[in-house]
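A.B. asks: Pasting a structure below so you can have a look.
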Protein chains: 2
Amino acid sequence: MTSIELLVIGGVAAGASFAARARRLDETAHITVIERGPDVSFANCGLPYHIGGEIPTRGVLAVQTPQSLKALLNLEVRTQCAAVSVDRAGKRVLVKNLVNGQDEWIGYDKLMLAPGAAPVVPPMPGVDDARIFTLRNLVDMDRIVKATLSGKRAVVIGAGFIGLEMAEQLRHKGVDVHLVELQRQILPQLDHKMTLLLESELRRKGIEVHLGDQVTRFAATKESLQTHLASGAVLDADFVVMSIGVRPETSLARDAGLQLGKRGHIVVNAFMQTSDPDIYAAGDAVETQDRIMDGQTAVPLGGPANRQGRVAADHLFMGDKARPYPGSIGTAIVRAFDVAAGVTGWTEQRLQMAGIAYGAVTVNDYQHATYFPGATPLTLKICWAEDTGRLLGAQASGQDGVDKRLDVLATAIAAKMTVEDLCHLELAYAPPFGSAKDIVNLAGFAATNLRDGLVVKTDVLPEDPAVQLVDVRAQGLAEAFPIAGAINIPIATLRDNLDKLDRKRPVVTLCSFGKMSYFAARVLAQNGFQVSSFAGGIKANLDPRIPPKL
Amino acid sequence: MTSIELLVIGGVAAGASFAARARRLDETAHITVIERGPDVSFANCGLPYHIGGEIPTRGVLAVQTPQSLKALLNLEVRTQCAAVSVDRAGKRVLVKNLVNGQDEWIGYDKLMLAPGAAPVVPPMPGVDDARIFTLRNLVDMDRIVKATLSGKRAVVIGAGFIGLEMAEQLRHKGVDVHLVELQRQILPQLDHKMTLLLESELRRKGIEVHLGDQVTRFAATKESLQTHLASGAVLDADFVVMSIGVRPETSLARDAGLQLGKRGHIVVNAFMQTSDPDIYAAGDAVETQDRIMDGQTAVPLGGPANRQGRVAADHLFMGDKARPYPGSIGTAIVRAFDVAAGVTGWTEQRLQMAGIAYGAVTVNDYQHATYFPGATPLTLKICWAEDTGRLLGAQASGQDGVDKRLDVLATAIAAKMTVEDLCHLELAYAPPFGSAKDIVNLAGFAATNLRDGLVVKTDVLPEDPAVQLVDVRAQGLAEAFPIAGAINIPIATLRDNLDKLDRKRPVVTLCSFGKMSYFAARVLAQNGFQVSSFAGGIKANLDPRIPPKL
């Protein structure tokens, strides 16, 4: 029996996972990994943190070498080699050695394409300036580190996950940072209100945030690189980091005649096979089934990439026994200074744009028992299918415990749980860790109350003066942080003050967190008022830093 | 229409939740809450932390008063009143005022029994000494706080969740603590090996741990209270805290002729109705359906109690629209100093005792990316049904991230997920929060590998000298922390050293975390060896504090 020839294009997340799993499943396979860069299987998610100095030692990001992978996994790794073309009929790939320029055909029985995705750099005047960087690999990282040695002013373009990490880390290193985002919010992957706390944190830590603005051109002056914005603003900086998104690297696949999706990703089946069954693909370059809705999705993140590589290897060696890739949900999180925010599944914005009938609610609580030291507020938003109540997405924001709630809700989404199911999740509770009713339970309660018609919610404050806006916070808080046009009737005095309200006019109740306003709405509704509760309260809608208590 | 008369016996977790939800659902109901103690709806889980001073302000534990509950929820709360007997035919309860001794019959349309559970105090010589405490309410707490003002030596009896919290908090306050546990491990709710790190932490922080020992009697001397153990040891202390477990308070229910379960709990249906449909019960005094297996279970914790109270109120007012209580899983966590440990669902020990065919595996990893500062090891054990692979239980231990993994796995258990499903949970990943392959994914991989027959595991080191024990750690680590009888062949050199091993004799591979030993087992198995991997490695089995790398 001759050993199988495996050729892997791309030696980072998906490619490295595929190769490692393949070796586990077959000691005899001949496995060659082609990597264009000088490094293999490096920790690409750690790059911003070395730039900012939070990860002081560069070496921890590049633990593996071709030599170590040879020793550990008996892989033939060729770095600084690029795949030029695939000869599918001849089952071979033309590989160019980028150091000496030599070409070589390498044959395969099975091919894995894991080329990843490249940062988008739009054409515009001055964009070729050597002080404009993108961040994909260790070489890029080293360039930016070098730029920070002399440069103390930076512009980060794009306020998505990478842009926020870069802005935070550059600021961490003492660099003055301008952050420019085309959308009118940071982190456009989340619903706007769920980004307010993070935006406030960026500004508090001294980052200049420019929203709803975009770069028109770059201009080099004697002392600096100028970034010109559509608004007319001109930002002087020593260097620029572009992080407006990534584009799948699919020219090799396209030229080989493999099927591509609408947005240019490689199309694969649930076992990561391309339209050519001898060619697998995985990672940032592919689109997969959306795990929540019908249709395809592309989630260019490390988790899916690693697991896709594994699925492909399983299919190759285990055949029918292999389990399919169940599709991607899209779970992501970012930390900036003392605040984290993240998402799993679909946002309200995305559901609206897709015309899907949904429900949504935002709740606030603390990450653990309020009486235990260190309690900090946490905001959670969930979206569900209007008909079935099935959970479709969740977003969280806060200083602590954001990742935990996203993970619980990502699990609930994978399990196709409903919002009713969230009420009865039995989560780990001791005062340092949670609450007897965790915020995930509370979100389930709030959604179920809405679905049961126990409360009507509003996400906006009324502009109609005929509507009575009732602020049920304690008097001291209502006076310290007043809401224009509101009558203050503290919740504890509401039943005794119903005569202050006009039963013929609608009422909106509001409070800090959205909980007391719900309580008040129940009192008023049962007393014959037409009432809505301002869901999520002041914290989730107006000012994420207003304290709930005085 | 006359308003409904609701009578609630017990004003803490389940009773308070029931009353609050009932008020939300019916403004007109007349709701009376009878509470034996002087305090209502207090934070009982916080009691140990005020004793230890970690929660410095007593007031945060007792936020609600009869007055505040009247104002907020229009409840009639009577503290220091005890329910003496239930007249089911007359639908009334005899209540004794514990302050003035007066008796009064209070009528009800619906009755809620939420009497809770009382600490067990076994009869033994000297047990009536006034320096022996239990901890259930604020009065108990105040007594222990007072004891710590002069006493600097304590014995804590029982190393379950409350015992560990008490031991930690007393030590935190500078008290010398002996911890006595009948079982040969701390935290008998977990499998033994999953308690090793926590036990080590207790000892490191100066707590004297006595396992497999029990109190035979107490004796008062001039200077101290002596605790005599079966082993012969005599522990001198200034006071003792008994925390060996709780017993449901069901004399009222029993005397009323309500059905009780085998272990003395009140039997309820899925809507928390007792055998009398006009009487509900919830909280520590009831048994409910086990959410994982057929049969009944009792989980005396705040989370289930609160949600059960809510279910009962929903059933009362919403009837058929109410959703049933889905049963309890049993999720619990405890922190002691810098280590946390916890469980959700069934342990291996419990599955063994019940004669259920199961699989189990333990894996180690870090709570987040290893290259990110602050990475600390985490150990996770999962158990599943042998036939279907359905997840039946999980346990976790570590310094950080324990609660998150328990919550994810509690959700997976509620969803009846299999270990294969764990492989593809898409959890929130950025370097400060997780790993591209989270330890939950790794546990799924390990279980699936076992189920697929890719590896055979062993949970014990071989005693048979015919078995070749191969330590695949790096040479430096193997020399610094040697394992008796093992041959050191570092994983990176294994393929070149196969001739050092005898193909005719079985092999067990071992390493720090259990990962490299699995890799080595795959190499050896494919080279014709009969091999088992020591699952969970040295860390989970032998010494939880041996570092994985040097």
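Residue numbering restarts at 1 for every chain of the structure tokens, chains are lettered A, B, ... in their displayed order, and ligands are numbered from 1 as they appear.
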Quick one: residues within 6 Å of range 166-180 of chain A, only C-alpha atoms counted, chain neighbours fewer than 2 positions away excluded, as a list in words?

C.D. replies: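 These residues fall inside the cut-off: Pro48, Gly52, Lys152, Arg153, Ala154, Val155, Val156, Ile157, Gly158, Gly163, Leu164, Ile207, Glu208, Val209, His210 and Ala336 of chain A.
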
A.B. asks: Write out as a PyMOL selection string all residues of range 1-227 of chain A that DSSP puts in alpha helix (DSSP H) for this structure's backbone.

C.D. replies: chain A and resi 13-25+47-51+66-73+138-150+161-172+196-204

A.B. asks: For chain A versus chain B, which residues have an atom no more than 6 Å away, and what is each residue's nearest atom pair and distance in Å rounded to one decimal, using only C-alpha atoms, chain-then-number order, as a Markdown table?

C.D. replies:
```
| residue | atom | partner | partner_atom | distance |
| --- | --- | --- | --- | --- |
| A:Val60 | CA | B:Tyr371 | CA | 5.6 |
| A:Ala71 | CA | B:Ala492 | CA | 4.8 |
| A:Leu72 | CA | B:Ala492 | CA | 4.7 |
| A:Gly302 | CA | B:Ala436 | CA | 5.4 |
| A:Gly303 | CA | B:Ala436 | CA | 4.3 |
| A:Thr331 | CA | B:Ala428 | CA | 5.4 |
| A:Ala332 | CA | B:Ala428 | CA | 5.1 |
| A:Ile333 | CA | B:Ala428 | CA | 5.8 |
| A:Tyr371 | CA | B:Val60 | CA | 5.6 |
| A:Lys404 | CA | B:Lys404 | CA | 5.0 |
| A:Asp407 | CA | B:Leu427 | CA | 5.0 |
| A:Val408 | CA | B:Val408 | CA | 4.9 |
| A:Ala415 | CA | B:Ala415 | CA | 6.0 |
| A:Leu427 | CA | B:Asp407 | CA | 5.0 |
| A:Ala428 | CA | B:Ala332 | CA | 5.1 |
| A:Ala436 | CA | B:Gly303 | CA | 4.3 |
| A:Ala492 | CA | B:Leu72 | CA | 4.7 |
```

A.B. asks: Determine the nearest neighbour of Arg503 in chain B from the options B:Gln530, B:Asn137, B:Gln259, B:Gln64, counting only C-alpha atoms.

C.D. replies: B:Gln530

A.B. asks: May I ask which of the residues B:Asp365, B:Asp87, B:Asp128, B:Asp191 is the closest one to Thr347 in chain B, counting only C-alpha atoms?

C.D. replies: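 Of all the options, B:Asp191 lies closest to Thr347 in chain B.
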
A.B. asks: Do you know which residues are at most 9 Å from Val84 in chain B counting only C-alpha atoms, after dropping those on the same chain fewer than 6 positions away, and could you put them as a VMD selection string?

C.D. replies: chain B and resid 93 to 96 103 252

A.B. asks: Taking only C-alpha atoms into account, which of A:Val470, A:Leu316, A:Arg350, A:Asp129 comes nearest Pro277 in chain A?

C.D. replies: A:Leu316

A.B. asks: What is the CA of Val455 in chain B-CA of Asn497 in chain B distance in Å, reported with one decimal?

C.D. replies: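 Atom-to-atom, CA of Val455 in chain B and CA of Asn497 in chain B are spaced 20.6 Å apart.
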
A.B. asks: Just to confirm, what's the straight-line distance from CA of Thr32 in chain A to CA of Leu6 in chain A in Å (one decimal)?

C.D. replies: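 Taking CA of Thr32 in chain A as the start and CA of Leu6 in chain A as the end point, the length is 6.2 Å.
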
A.B. asks: Using DSSP on the backbone coordinates, identify the residues of range 241-450 of chain B assigned to strand (DSSP E or B); present them as a PyMOL selection string.

C.D. replies: chain B and resi 241-242+246-248+260+266-267+273+279-281+286-290+296-297+328+331-336+339-345+358-366+377-385+390-398+418

A.B. asks: Have a look at A:Val127, A:Asp464, A:Met194, A:Asp502 and name the one nearest to Ala394 in chain A; count only C-alpha atoms.

C.D. replies: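 The answer is A:Met194, which sits nearest to Ala394 in chain A.
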
A.B. asks: How many Å separate CA of Arg21 in chain B from CA of Phe481 in chain A?

C.D. replies: 29.6 Å
